[in-house]
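The data block below is start-v7.txt; it holds compact mmCIF, C-alpha atoms.
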# COMPACT_ATOMS: atom_id res chain seq x y z
CA ASN A 1 6.73 7.64 22.35
CA VAL A 2 8.68 6.30 19.35
CA HIS A 3 7.55 9.08 17.00
CA ALA A 4 8.73 11.84 19.38
CA TYR A 5 12.04 9.97 19.88
CA TYR A 6 12.54 9.74 16.13
CA LEU A 7 11.85 13.45 15.63
CA GLU A 8 14.38 14.31 18.34
CA HIS A 9 17.18 11.82 17.52
CA GLY A 10 16.65 11.08 13.80
CA LYS A 11 16.70 7.34 14.46
CA LEU A 12 14.63 4.62 16.11
CA PRO A 13 15.39 3.58 19.70
CA ASP A 14 17.99 0.75 19.71
CA GLU A 15 15.82 -1.59 21.77
CA LEU A 16 12.95 -1.24 19.26
CA ASN A 17 14.79 -3.15 16.51
CA ALA A 18 14.80 -6.38 18.52
CA GLN A 19 11.07 -5.97 19.14
CA ILE A 20 10.38 -5.38 15.44
CA ASP A 21 12.43 -8.49 14.53
CA SER A 22 10.55 -10.67 17.02
CA GLN A 23 7.17 -9.44 15.77
CA ILE A 24 8.13 -10.04 12.13
CA LYS A 25 9.17 -13.56 13.14
CA ARG A 26 5.74 -14.03 14.76
CA LEU A 27 4.02 -12.89 11.54
CA GLU A 28 6.26 -15.17 9.45
CA ASP A 29 5.19 -18.14 11.59
CA ILE A 30 1.52 -17.26 11.09
CA VAL A 31 1.67 -16.86 7.30
CA GLY A 32 4.37 -19.47 6.60
CA LYS A 33 6.54 -17.07 4.59
CA GLU A 34 9.91 -15.45 5.26
CA PHE A 35 10.85 -11.76 5.07
CA GLY A 36 13.80 -11.42 2.67
CA ASN A 37 13.72 -15.02 1.39
CA PRO A 38 13.43 -15.13 -2.45
CA ASP A 39 12.28 -18.78 -2.31
CA ASN A 40 9.32 -17.95 -0.05
CA PRO A 41 8.90 -14.15 -0.02
CA TYR A 42 6.97 -12.26 2.62
CA LEU A 43 6.21 -8.59 1.95
CA LEU A 44 4.91 -5.92 4.31
CA SER A 45 2.92 -2.72 4.18
CA VAL A 46 4.03 0.20 6.35
CA ARG A 47 1.11 2.50 7.16
CA GLY A 48 1.08 5.78 9.01
CA CYS A 49 -1.69 6.04 11.61
CA PRO A 50 -2.21 9.63 12.79
CA LYS A 51 -3.43 10.10 16.36
CA ILE A 52 -6.26 12.24 14.99
CA THR A 53 -7.48 11.09 11.58
CA MET A 54 -5.92 12.91 8.64
CA PRO A 55 -7.05 11.03 5.51
CA GLY A 56 -4.27 10.59 2.97
CA MET A 57 -1.77 12.76 4.85
CA MET A 58 0.63 10.23 6.37
CA ALA A 59 2.40 8.00 3.86
CA THR A 60 1.78 4.33 3.12
CA ILE A 61 4.39 2.07 1.51
CA LEU A 62 3.10 -1.22 0.08
CA ASN A 63 5.04 -4.34 -0.99
CA LEU A 64 8.03 -3.52 1.19
CA GLY A 65 10.80 -6.12 1.27
CA ILE A 66 10.98 -6.69 -2.49
CA ASN A 67 14.08 -6.49 -4.69
CA ILE A 68 14.94 -8.01 -8.05
CA ASN A 69 15.67 -11.49 -6.62
CA ILE A 70 12.47 -11.48 -4.58
CA ALA A 71 10.49 -10.36 -7.64
CA LYS A 72 11.92 -13.37 -9.50
CA GLY A 73 11.00 -15.54 -6.52
CA LEU A 74 7.40 -14.26 -6.58
CA GLU A 75 7.24 -15.00 -10.31
CA LYS A 76 8.55 -18.54 -9.79
CA ILE A 77 6.16 -19.35 -6.93
CA THR A 78 3.02 -17.89 -8.52
CA GLY A 79 3.87 -18.52 -12.20
CA ASN A 80 2.62 -14.96 -12.72
CA LYS A 81 5.28 -12.60 -14.07
CA ARG A 82 2.86 -9.72 -14.43
CA PHE A 83 1.90 -9.89 -10.76
CA ALA A 84 5.55 -10.11 -9.59
CA TYR A 85 6.79 -7.09 -11.56
CA ASP A 86 3.60 -5.07 -11.03
CA THR A 87 4.18 -5.54 -7.29
CA TYR A 88 7.83 -4.47 -7.65
CA ARG A 89 7.08 -1.35 -9.70
CA ARG A 90 4.41 -0.22 -7.22
CA PHE A 91 6.93 -0.54 -4.36
CA ILE A 92 9.59 1.47 -6.24
CA ASP A 93 7.06 4.27 -6.84
CA MET A 94 5.77 4.47 -3.25
CA PHE A 95 9.16 4.06 -1.58
CA SER A 96 10.79 6.70 -3.81
CA ASP A 97 7.92 9.15 -3.33
CA THR A 98 8.11 8.82 0.47
CA LEU A 99 11.89 8.51 0.96
CA PHE A 100 13.37 10.64 -1.81
CA TRP A 101 10.34 12.86 -2.61
CA PHE A 102 10.85 11.64 -6.16
CA PRO A 103 7.94 12.90 -8.30
CA HIS A 104 5.38 10.21 -9.13
CA GLU A 105 4.76 11.94 -12.50
CA LYS A 106 8.23 10.84 -13.73
CA PHE A 107 7.34 7.20 -13.11
CA GLU A 108 3.95 7.74 -14.73
CA GLU A 109 5.67 8.97 -17.91
CA VAL A 110 7.64 5.71 -18.12
CA PHE A 111 4.46 3.70 -17.48
CA GLN A 112 2.43 5.54 -20.13
CA ASP A 113 5.30 5.33 -22.64
CA VAL A 114 5.39 1.52 -22.35
CA LYS A 115 1.59 1.41 -22.72
CA LYS A 116 1.75 3.58 -25.81
CA ARG A 117 4.50 1.51 -27.45
CA ALA A 118 2.61 -1.69 -26.63
CA ARG A 119 -0.56 -0.13 -28.11
CA VAL A 120 -2.47 -0.99 -24.96
CA GLU A 121 -5.45 1.11 -23.79
CA ASN A 122 -6.08 -0.48 -20.38
CA ASP A 123 -3.39 -1.15 -17.73
CA LEU A 124 -4.58 -4.76 -17.51
CA GLY A 125 -3.48 -5.26 -21.13
CA LEU A 126 0.16 -4.98 -20.06
CA THR A 127 2.03 -8.31 -19.85
CA GLY A 128 4.72 -9.50 -17.48
CA GLU A 129 7.37 -8.47 -20.01
CA HIS A 130 5.87 -4.97 -20.17
CA MET A 131 5.92 -4.74 -16.36
CA GLU A 132 9.56 -5.84 -16.28
CA THR A 133 10.40 -3.09 -18.81
CA ILE A 134 8.57 -0.58 -16.59
CA VAL A 135 10.54 -1.73 -13.51
CA ASN A 136 13.84 -1.31 -15.39
CA GLY A 137 12.73 2.15 -16.52
CA TYR A 138 11.86 3.13 -12.93
CA LEU A 139 15.21 1.89 -11.61
CA LYS A 140 17.11 3.78 -14.33
CA LEU A 141 15.23 6.98 -13.48
CA LEU A 142 16.20 6.59 -9.82
CA LYS A 143 19.83 5.83 -10.61
CA ASP A 144 20.08 8.86 -12.92
CA SER A 145 18.70 11.03 -10.09
CA GLY A 146 21.37 9.76 -7.68
CA ASN A 147 18.93 7.76 -5.53
CA GLU A 148 19.03 4.06 -4.76
CA ILE A 149 16.63 1.81 -2.87
CA PRO A 150 18.48 -0.45 -0.39
CA TYR A 151 18.63 -4.07 -1.51
CA ALA A 152 18.22 -5.50 2.00
CA PRO A 153 14.53 -5.72 3.07
CA ARG A 154 15.32 -4.98 6.74
CA GLU A 155 17.16 -1.80 5.76
CA GLN A 156 14.19 -0.81 3.58
CA LEU A 157 11.93 -1.25 6.60
CA ASN A 158 13.93 1.00 8.95
CA LEU A 159 14.13 3.77 6.35
CA ALA A 160 10.41 3.41 5.59
CA ILE A 161 9.42 3.72 9.27
CA GLY A 162 11.41 6.96 9.59
CA ALA A 163 10.05 8.42 6.36
CA VAL A 164 6.43 7.60 7.27
CA PHE A 165 6.90 9.31 10.65
CA LEU A 166 8.28 12.41 8.90
CA SER A 167 5.41 12.41 6.39
CA ALA A 168 3.16 13.76 9.17
CA TYR A 169 5.14 17.01 8.92
CA LEU A 170 5.17 17.55 5.16
CA PRO A 171 3.56 20.84 3.96
CA GLN A 172 0.27 19.22 2.94
CA ALA A 173 -0.10 17.58 6.38
CA ARG A 174 0.77 20.86 8.12
CA ASP A 175 -1.83 22.68 6.01
CA TYR A 176 -4.44 20.01 6.80
CA MET A 177 -3.75 20.31 10.55
CA ARG A 178 -4.09 24.09 10.37
CA LEU A 179 -7.30 24.05 8.29
CA GLU A 180 -8.96 21.33 10.39
CA ASN A 181 -7.69 22.69 13.72
CA VAL A 182 -5.87 19.42 14.45
CA PRO A 183 -3.53 20.01 17.41
CA ASP A 184 0.16 19.33 16.72
CA ARG A 185 1.11 16.76 19.34
CA SER A 186 4.66 16.58 17.91
CA GLY A 187 5.09 12.89 17.56
CA GLY A 188 1.84 11.38 18.76
CA ASN A 189 1.41 9.25 15.63
CA THR A 190 1.90 5.51 15.22
CA ILE A 191 2.79 3.13 12.40
CA ASN A 192 1.19 -0.20 11.51
CA ILE A 193 3.43 -2.84 9.94
CA MET A 194 1.15 -5.38 8.29
CA SER A 195 1.23 -8.46 6.07
CA MET A 196 0.69 -7.64 2.42
CA VAL A 197 -2.53 -8.88 0.87
CA TYR A 198 -2.28 -8.84 -2.92
CA GLY A 199 -5.29 -7.36 -4.68
CA ASN A 200 -3.25 -7.33 -7.92
CA LYS A 201 -2.79 -11.12 -8.09
CA GLY A 202 -5.39 -11.70 -10.81
CA GLU A 203 -9.10 -11.78 -11.54
CA ARG A 204 -9.93 -13.45 -8.21
CA SER A 205 -8.35 -10.58 -6.29
CA GLY A 206 -9.14 -6.89 -5.93
CA THR A 207 -9.50 -3.84 -3.73
CA GLY A 208 -12.28 -1.41 -2.88
CA VAL A 209 -14.02 1.03 -0.58
CA TYR A 210 -17.12 0.17 1.46
CA PHE A 211 -19.44 2.47 3.42
CA THR A 212 -21.73 0.84 5.98
CA ARG A 213 -24.47 3.27 4.87
CA ASN A 214 -25.11 5.37 1.80
CA PRO A 215 -23.01 8.51 2.43
CA ASN A 216 -25.29 10.58 0.15
CA THR A 217 -28.64 9.69 1.72
CA GLY A 218 -27.79 8.02 5.04
CA GLY A 219 -29.77 4.96 3.89
CA LYS A 220 -28.95 1.79 5.85
CA LYS A 221 -27.56 -0.23 2.95
CA PRO A 222 -23.96 -1.19 2.12
CA TYR A 223 -22.52 1.21 -0.44
CA GLY A 224 -19.21 1.28 -2.31
CA GLU A 225 -17.14 0.08 -5.24
CA PHE A 226 -14.17 -2.11 -6.09
CA LEU A 227 -11.72 -3.05 -8.82
CA LEU A 228 -10.58 -6.51 -9.82
CA ASN A 229 -6.83 -7.14 -10.08
CA ALA A 230 -5.90 -3.86 -8.38
CA GLN A 231 -4.01 -2.55 -5.38
CA GLY A 232 -3.59 0.50 -3.19
CA GLU A 233 -4.85 3.76 -4.62
CA ASP A 234 -6.21 2.26 -7.87
CA VAL A 235 -9.87 2.67 -6.85
CA VAL A 236 -9.61 6.36 -5.98
CA GLY A 237 -7.02 7.05 -8.69
CA GLY A 238 -9.66 7.03 -11.43
CA ILE A 239 -7.52 5.03 -13.89
CA ARG A 240 -10.23 2.39 -14.42
CA THR A 241 -14.00 2.34 -13.94
CA PRO A 242 -14.79 0.54 -10.68
CA LEU A 243 -17.58 -2.01 -10.18
CA SER A 244 -20.37 -1.57 -7.65
CA LEU A 245 -20.57 -3.42 -4.33
CA GLU A 246 -23.52 -5.39 -5.76
CA GLU A 247 -21.13 -6.86 -8.35
CA LEU A 248 -18.79 -7.92 -5.53
CA GLU A 249 -21.69 -9.80 -3.92
CA LYS A 250 -22.27 -11.72 -7.18
CA LEU A 251 -18.59 -12.49 -7.81
CA PHE A 252 -17.39 -13.32 -4.30
CA PRO A 253 -20.44 -13.88 -2.06
CA ASP A 254 -18.40 -15.25 0.90
CA ALA A 255 -16.01 -12.28 0.90
CA TYR A 256 -18.95 -9.88 0.56
CA THR A 257 -20.80 -11.42 3.53
CA GLU A 258 -17.66 -11.27 5.68
CA LEU A 259 -17.07 -7.63 4.71
CA VAL A 260 -20.63 -6.58 5.59
CA GLU A 261 -20.44 -8.39 8.96
CA ILE A 262 -17.17 -6.58 9.80
CA GLY A 263 -18.86 -3.29 8.86
CA LYS A 264 -21.79 -3.96 11.19
CA LYS A 265 -19.43 -4.83 14.04
CA LEU A 266 -17.42 -1.63 13.59
CA GLU A 267 -20.55 0.52 13.30
CA ARG A 268 -21.90 -0.92 16.56
CA ARG A 269 -18.57 -0.18 18.25
CA TYR A 270 -18.14 3.39 16.98
CA LYS A 271 -21.84 4.33 16.70
CA ASP A 272 -21.37 6.02 13.34
CA MET A 273 -21.16 5.22 9.64
CA GLN A 274 -17.87 3.51 8.76
CA GLU A 275 -15.75 3.91 5.65
CA ILE A 276 -13.63 0.79 5.09
CA GLU A 277 -10.89 0.11 2.57
CA TYR A 278 -10.44 -3.59 1.86
CA THR A 279 -8.36 -5.96 -0.24
CA ILE A 280 -9.20 -9.49 -1.38
CA GLU A 281 -6.54 -12.00 -2.45
CA ASP A 282 -7.65 -15.20 -4.22
Exercise: express the given structure as structure tokens:
Amino acid sequence: NVHAYYLEHGKLPDELNAQIDSQIKRLEDIVGKEFGNPDNPYLLSVRGCPKITMPGMMATILNLGININIAKGLEKITGNKRFAYDTYRRFIDMFSDTLFWFPHEKFEEVFQDVKKRARVENDLGLTGEHMETIVNGYLKLLKDSGNEIPYAPREQLNLAIGAVFLSAYLPQARDYMRLENVPDRSGGNTINIMSMVYGNKGERSGTGVYFTRNPNTGGKKPYGEFLLNAQGEDVVGGIRTPLSLEELEKLFPDAYTELVEIGKKLERRYKDMQEIEYTIED
């Protein structure tokens, strides 16, 4: 059990690193991108998966493997500066929150200050230059606090794995386990390392939540909402008004059909209503 080993020794088992490297190589071959290569960047998400479901308790770090050179590489490849620096600033926020327990509110102040000075109401009104200013503001905040994110993507990954394991033992997770009578199996949790899918790449991308039935009435009809050009927690964060699932069907009928089919398959397997978070890129 890797989680139990980490809790006891404060590090990952030595033999695990070779396995992680070989699996990243396998993913690189599938997607045709390279982890840590600014000319063809490949980013990962690191997601905590509790043995017994604890929604929102274990940490998630998105866009892992990015640094300033890789952000420039993303900008060059996509021709989309806003996307590249939006991706970078999201990573800085999540990584710092999970690794250094750096308060998200401090980053939010920088973000809102740039919005105010740009006289922009909606986040989507921010340009690539604005996002670059926000990234520089985030990095300065971190430096002033004595924290620094490692430049090397592989080093970022090892630290992230450890921090996500430990997130299962933060006060809010402990409280959740106590309130919900979740047994403490001391290290029974796992971590998923996945390819990033970019919901923030533009107006043909997005993220949302989908219920296989109406959670209010139990009616057998797909129910949910989504946001265009968004990532991660944006839908539940309440920063923008989401669109309904019916709108998704009109905009991206193929993606909608595929999503509903996956929902049906999962519901048949688990014999209960499913709640699914999804991301669409291009």
Would you be able to write out as an MDAnalysis selection string which residues have an atom within 10 Å of (-8.5, -12.9, -2.9) in the file's coordinates, counting all atoms listed in the file? chainID A and resid 197:207 228:229 252 255 279:282
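The two atoms in question, CA of Tyr151 (chain A) and CA of Asn69 (chain A), are spaced 9.5 Å apart.
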Using all atoms listed in the file, which protein or nucleic acid residues come within 12 Å of region 101-108 of chain A? Drop anything in the same chain fewer than 2 positions from it, and give the result as JSON, numbers by chain. {"A": [59, 89, 90, 91, 92, 93, 94, 95, 96, 97, 98, 99, 110, 111, 112, 113, 114, 115, 123, 134, 135, 136, 137, 138, 139, 140, 141, 142, 143, 144, 145, 146, 147, 148, 149, 163, 164, 166, 167, 170, 239]}
Near Leu43 (chain A), counting only C-alpha atoms, which residues have an atom at most 10 Å away, once you skip same-chain residues fewer than 5 positions from it, shown as a list in words?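 Here the qualifying residues turn out to be Glu28, Lys33, Glu34, Phe35, Gly36, Asn37, Leu62, Asn63, Leu64, Gly65, Ile66, Ile70, Thr87, Pro153, Met194, Ser195, Met196, Val197 and Tyr198 of chain A.
For the pair CA of Glu109 (chain A) and CA of Gly79 (chain A), the separation is 28.1 Å.
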Mind pulling up the distance from CA of Gly128 (chain A) to CA of Ile77 (chain A)?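 If I compute the distance from CA of Ile77 (chain A) to CA of Gly128 (chain A), I get 14.5 Å.
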Name the closest residue to Asp39 (chain A) among the candidates A:Met58, A:Val2, A:Ala71, A:Leu12; distances are taken between atoms, counting all atoms listed in the file.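 Looking at the shortest contact to Asp39 (chain A), the residue is A:Ala71.
With only C-alpha atoms as the atoms that count, the minimum distance from Ala160 (chain A) to the choices A:Ser22, A:Ser45, A:Thr257, A:Asn17 is reached by A:Ser45.
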Let me make sure I understand: among A:His130, A:Thr190, A:Ala152, A:Asp86, which one has the smallest atom-to-atom distance to Asn1 (chain A) if we use all atoms listed in the file?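 Smallest separation from Asn1 (chain A) among the options: A:Thr190.
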From the block you just saw, export region 4-109 of chain A: C-alpha atoms, as a PDB file, in the first residue's frame.
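See result.pdb below for the written result:
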ATOM      1  CA  ALA A   4       0.514   3.682   4.084  1.00  0.00           C
ATOM      2  CA  TYR A   5       4.208   3.542   3.074  1.00  0.00           C
ATOM      3  CA  TYR A   6       4.236   7.286   2.443  1.00  0.00           C
ATOM      4  CA  LEU A   7       2.615   8.038   5.808  1.00  0.00           C
ATOM      5  CA  GLU A   8       5.218   5.886   7.566  1.00  0.00           C
ATOM      6  CA  HIS A   9       8.385   6.904   5.665  1.00  0.00           C
ATOM      7  CA  GLY A  10       7.546  10.381   4.319  1.00  0.00           C
ATOM      8  CA  LYS A  11       8.576   9.361   0.809  1.00  0.00           C
ATOM      9  CA  LEU A  12       7.453   7.121  -2.043  1.00  0.00           C
ATOM     10  CA  PRO A  13       8.931   3.616  -2.387  1.00  0.00           C
ATOM     11  CA  ASP A  14      12.102   3.751  -4.542  1.00  0.00           C
ATOM     12  CA  GLU A  15      10.859   1.128  -6.998  1.00  0.00           C
ATOM     13  CA  LEU A  16       7.673   3.153  -7.631  1.00  0.00           C
ATOM     14  CA  ASN A  17       9.521   5.955  -9.456  1.00  0.00           C
ATOM     15  CA  ALA A  18      10.570   3.656 -12.296  1.00  0.00           C
ATOM     16  CA  GLN A  19       6.969   2.464 -12.631  1.00  0.00           C
ATOM     17  CA  ILE A  20       5.663   6.048 -12.730  1.00  0.00           C
ATOM     18  CA  ASP A  21       8.247   6.956 -15.406  1.00  0.00           C
ATOM     19  CA  SER A  22       7.305   3.982 -17.582  1.00  0.00           C
ATOM     20  CA  GLN A  23       3.584   4.769 -17.305  1.00  0.00           C
ATOM     21  CA  ILE A  24       4.154   8.443 -18.177  1.00  0.00           C
ATOM     22  CA  LYS A  25       6.131   7.257 -21.212  1.00  0.00           C
ATOM     23  CA  ARG A  26       3.163   5.051 -22.190  1.00  0.00           C
ATOM     24  CA  LEU A  27       0.798   8.042 -21.911  1.00  0.00           C
ATOM     25  CA  GLU A  28       3.207  10.226 -23.912  1.00  0.00           C
ATOM     26  CA  ASP A  29       3.182   7.648 -26.722  1.00  0.00           C
ATOM     27  CA  ILE A  30      -0.629   7.621 -26.748  1.00  0.00           C
ATOM     28  CA  VAL A  31      -1.094  11.408 -26.845  1.00  0.00           C
ATOM     29  CA  GLY A  32       2.020  12.267 -28.872  1.00  0.00           C
ATOM     30  CA  LYS A  33       3.262  14.849 -26.361  1.00  0.00           C
ATOM     31  CA  GLU A  34       6.209  14.916 -23.962  1.00  0.00           C
ATOM     32  CA  PHE A  35       6.212  15.639 -20.216  1.00  0.00           C
ATOM     33  CA  GLY A  36       8.632  18.513 -19.572  1.00  0.00           C
ATOM     34  CA  ASN A  37       9.242  19.389 -23.247  1.00  0.00           C
ATOM     35  CA  PRO A  38       8.461  23.096 -23.947  1.00  0.00           C
ATOM     36  CA  ASP A  39       8.248  22.394 -27.707  1.00  0.00           C
ATOM     37  CA  ASN A  40       5.510  19.772 -27.244  1.00  0.00           C
ATOM     38  CA  PRO A  41       4.205  20.066 -23.659  1.00  0.00           C
ATOM     39  CA  TYR A  42       2.262  17.348 -21.891  1.00  0.00           C
ATOM     40  CA  LEU A  43       0.570  18.259 -18.610  1.00  0.00           C
ATOM     41  CA  LEU A  44      -0.995  16.004 -15.988  1.00  0.00           C
ATOM     42  CA  SER A  45      -3.690  16.128 -13.354  1.00  0.00           C
ATOM     43  CA  VAL A  46      -3.021  14.481  -9.983  1.00  0.00           C
ATOM     44  CA  ARG A  47      -6.261  13.446  -8.295  1.00  0.00           C
ATOM     45  CA  GLY A  48      -6.820  11.959  -4.872  1.00  0.00           C
ATOM     46  CA  CYS A  49      -9.186   8.978  -4.871  1.00  0.00           C
ATOM     47  CA  PRO A  50     -10.381   8.103  -1.357  1.00  0.00           C
ATOM     48  CA  LYS A  51     -11.173   4.448  -0.677  1.00  0.00           C
ATOM     49  CA  ILE A  52     -14.594   5.542   0.575  1.00  0.00           C
ATOM     50  CA  THR A  53     -15.963   8.570  -1.277  1.00  0.00           C
ATOM     51  CA  MET A  54     -15.299  11.905   0.423  1.00  0.00           C
ATOM     52  CA  PRO A  55     -16.371  14.592  -2.078  1.00  0.00           C
ATOM     53  CA  GLY A  56     -13.935  17.495  -2.240  1.00  0.00           C
ATOM     54  CA  MET A  57     -11.792  16.291   0.663  1.00  0.00           C
ATOM     55  CA  MET A  58      -8.674  14.930  -1.045  1.00  0.00           C
ATOM     56  CA  ALA A  59      -6.790  17.456  -3.160  1.00  0.00           C
ATOM     57  CA  THR A  60      -6.608  17.704  -6.938  1.00  0.00           C
ATOM     58  CA  ILE A  61      -3.783  19.482  -8.768  1.00  0.00           C
ATOM     59  CA  LEU A  62      -4.434  20.337 -12.425  1.00  0.00           C
ATOM     60  CA  ASN A  63      -1.976  21.382 -15.168  1.00  0.00           C
ATOM     61  CA  LEU A  64       1.004  19.820 -13.412  1.00  0.00           C
ATOM     62  CA  GLY A  65       4.293  19.935 -15.312  1.00  0.00           C
ATOM     63  CA  ILE A  66       4.091  23.598 -16.334  1.00  0.00           C
ATOM     64  CA  ASN A  67       6.722  26.285 -15.770  1.00  0.00           C
ATOM     65  CA  ILE A  68       7.452  29.572 -17.517  1.00  0.00           C
ATOM     66  CA  ASN A  69       9.172  27.924 -20.520  1.00  0.00           C
ATOM     67  CA  ILE A  70       6.379  25.400 -20.923  1.00  0.00           C
ATOM     68  CA  ALA A  71       3.782  28.189 -20.705  1.00  0.00           C
ATOM     69  CA  LYS A  72       5.627  29.938 -23.554  1.00  0.00           C
ATOM     70  CA  GLY A  73       5.661  26.636 -25.444  1.00  0.00           C
ATOM     71  CA  LEU A  74       1.885  26.235 -25.006  1.00  0.00           C
ATOM     72  CA  GLU A  75       1.402  29.790 -26.265  1.00  0.00           C
ATOM     73  CA  LYS A  76       3.573  29.138 -29.328  1.00  0.00           C
ATOM     74  CA  ILE A  77       1.865  25.853 -30.242  1.00  0.00           C
ATOM     75  CA  THR A  78      -1.724  27.044 -29.737  1.00  0.00           C
ATOM     76  CA  GLY A  79      -1.263  30.725 -30.670  1.00  0.00           C
ATOM     77  CA  ASN A  80      -3.386  31.392 -27.575  1.00  0.00           C
ATOM     78  CA  LYS A  81      -1.569  33.401 -24.904  1.00  0.00           C
ATOM     79  CA  ARG A  82      -4.640  33.652 -22.701  1.00  0.00           C
ATOM     80  CA  PHE A  83      -5.009  29.873 -22.563  1.00  0.00           C
ATOM     81  CA  ALA A  84      -1.290  29.314 -21.819  1.00  0.00           C
ATOM     82  CA  TYR A  85      -1.090  31.757 -18.898  1.00  0.00           C
ATOM     83  CA  ASP A  86      -4.563  30.924 -17.571  1.00  0.00           C
ATOM     84  CA  THR A  87      -3.378  27.295 -17.388  1.00  0.00           C
ATOM     85  CA  TYR A  88      -0.174  28.361 -15.598  1.00  0.00           C
ATOM     86  CA  ARG A  89      -1.922  30.574 -13.033  1.00  0.00           C
ATOM     87  CA  ARG A  90      -4.419  27.811 -12.184  1.00  0.00           C
ATOM     88  CA  PHE A  91      -1.527  25.397 -11.549  1.00  0.00           C
ATOM     89  CA  ILE A  92       0.290  27.887  -9.282  1.00  0.00           C
ATOM     90  CA  ASP A  93      -2.889  28.346  -7.220  1.00  0.00           C
ATOM     91  CA  MET A  94      -3.684  24.626  -6.809  1.00  0.00           C
ATOM     92  CA  PHE A  95      -0.096  23.507  -6.226  1.00  0.00           C
ATOM     93  CA  SER A  96       0.539  26.237  -3.627  1.00  0.00           C
ATOM     94  CA  ASP A  97      -2.742  25.544  -1.830  1.00  0.00           C
ATOM     95  CA  THR A  98      -1.960  21.815  -1.581  1.00  0.00           C
ATOM     96  CA  LEU A  99       1.820  21.931  -0.979  1.00  0.00           C
ATOM     97  CA  PHE A 100       2.353  25.109   1.020  1.00  0.00           C
ATOM     98  CA  TRP A 101      -1.198  25.617   2.380  1.00  0.00           C
ATOM     99  CA  PHE A 102      -0.899  29.060   0.826  1.00  0.00           C
ATOM    100  CA  PRO A 103      -4.298  30.805   1.111  1.00  0.00           C
ATOM    101  CA  HIS A 104      -6.228  30.918  -2.164  1.00  0.00           C
ATOM    102  CA  GLU A 105      -7.700  34.302  -1.098  1.00  0.00           C
ATOM    103  CA  LYS A 106      -4.274  35.965  -1.566  1.00  0.00           C
ATOM    104  CA  PHE A 107      -4.174  34.840  -5.194  1.00  0.00           C
ATOM    105  CA  GLU A 108      -7.790  35.919  -5.635  1.00  0.00           C
ATOM    106  CA  GLU A 109      -6.858  39.453  -4.514  1.00  0.00           C
TER     107      GLU A 109
END
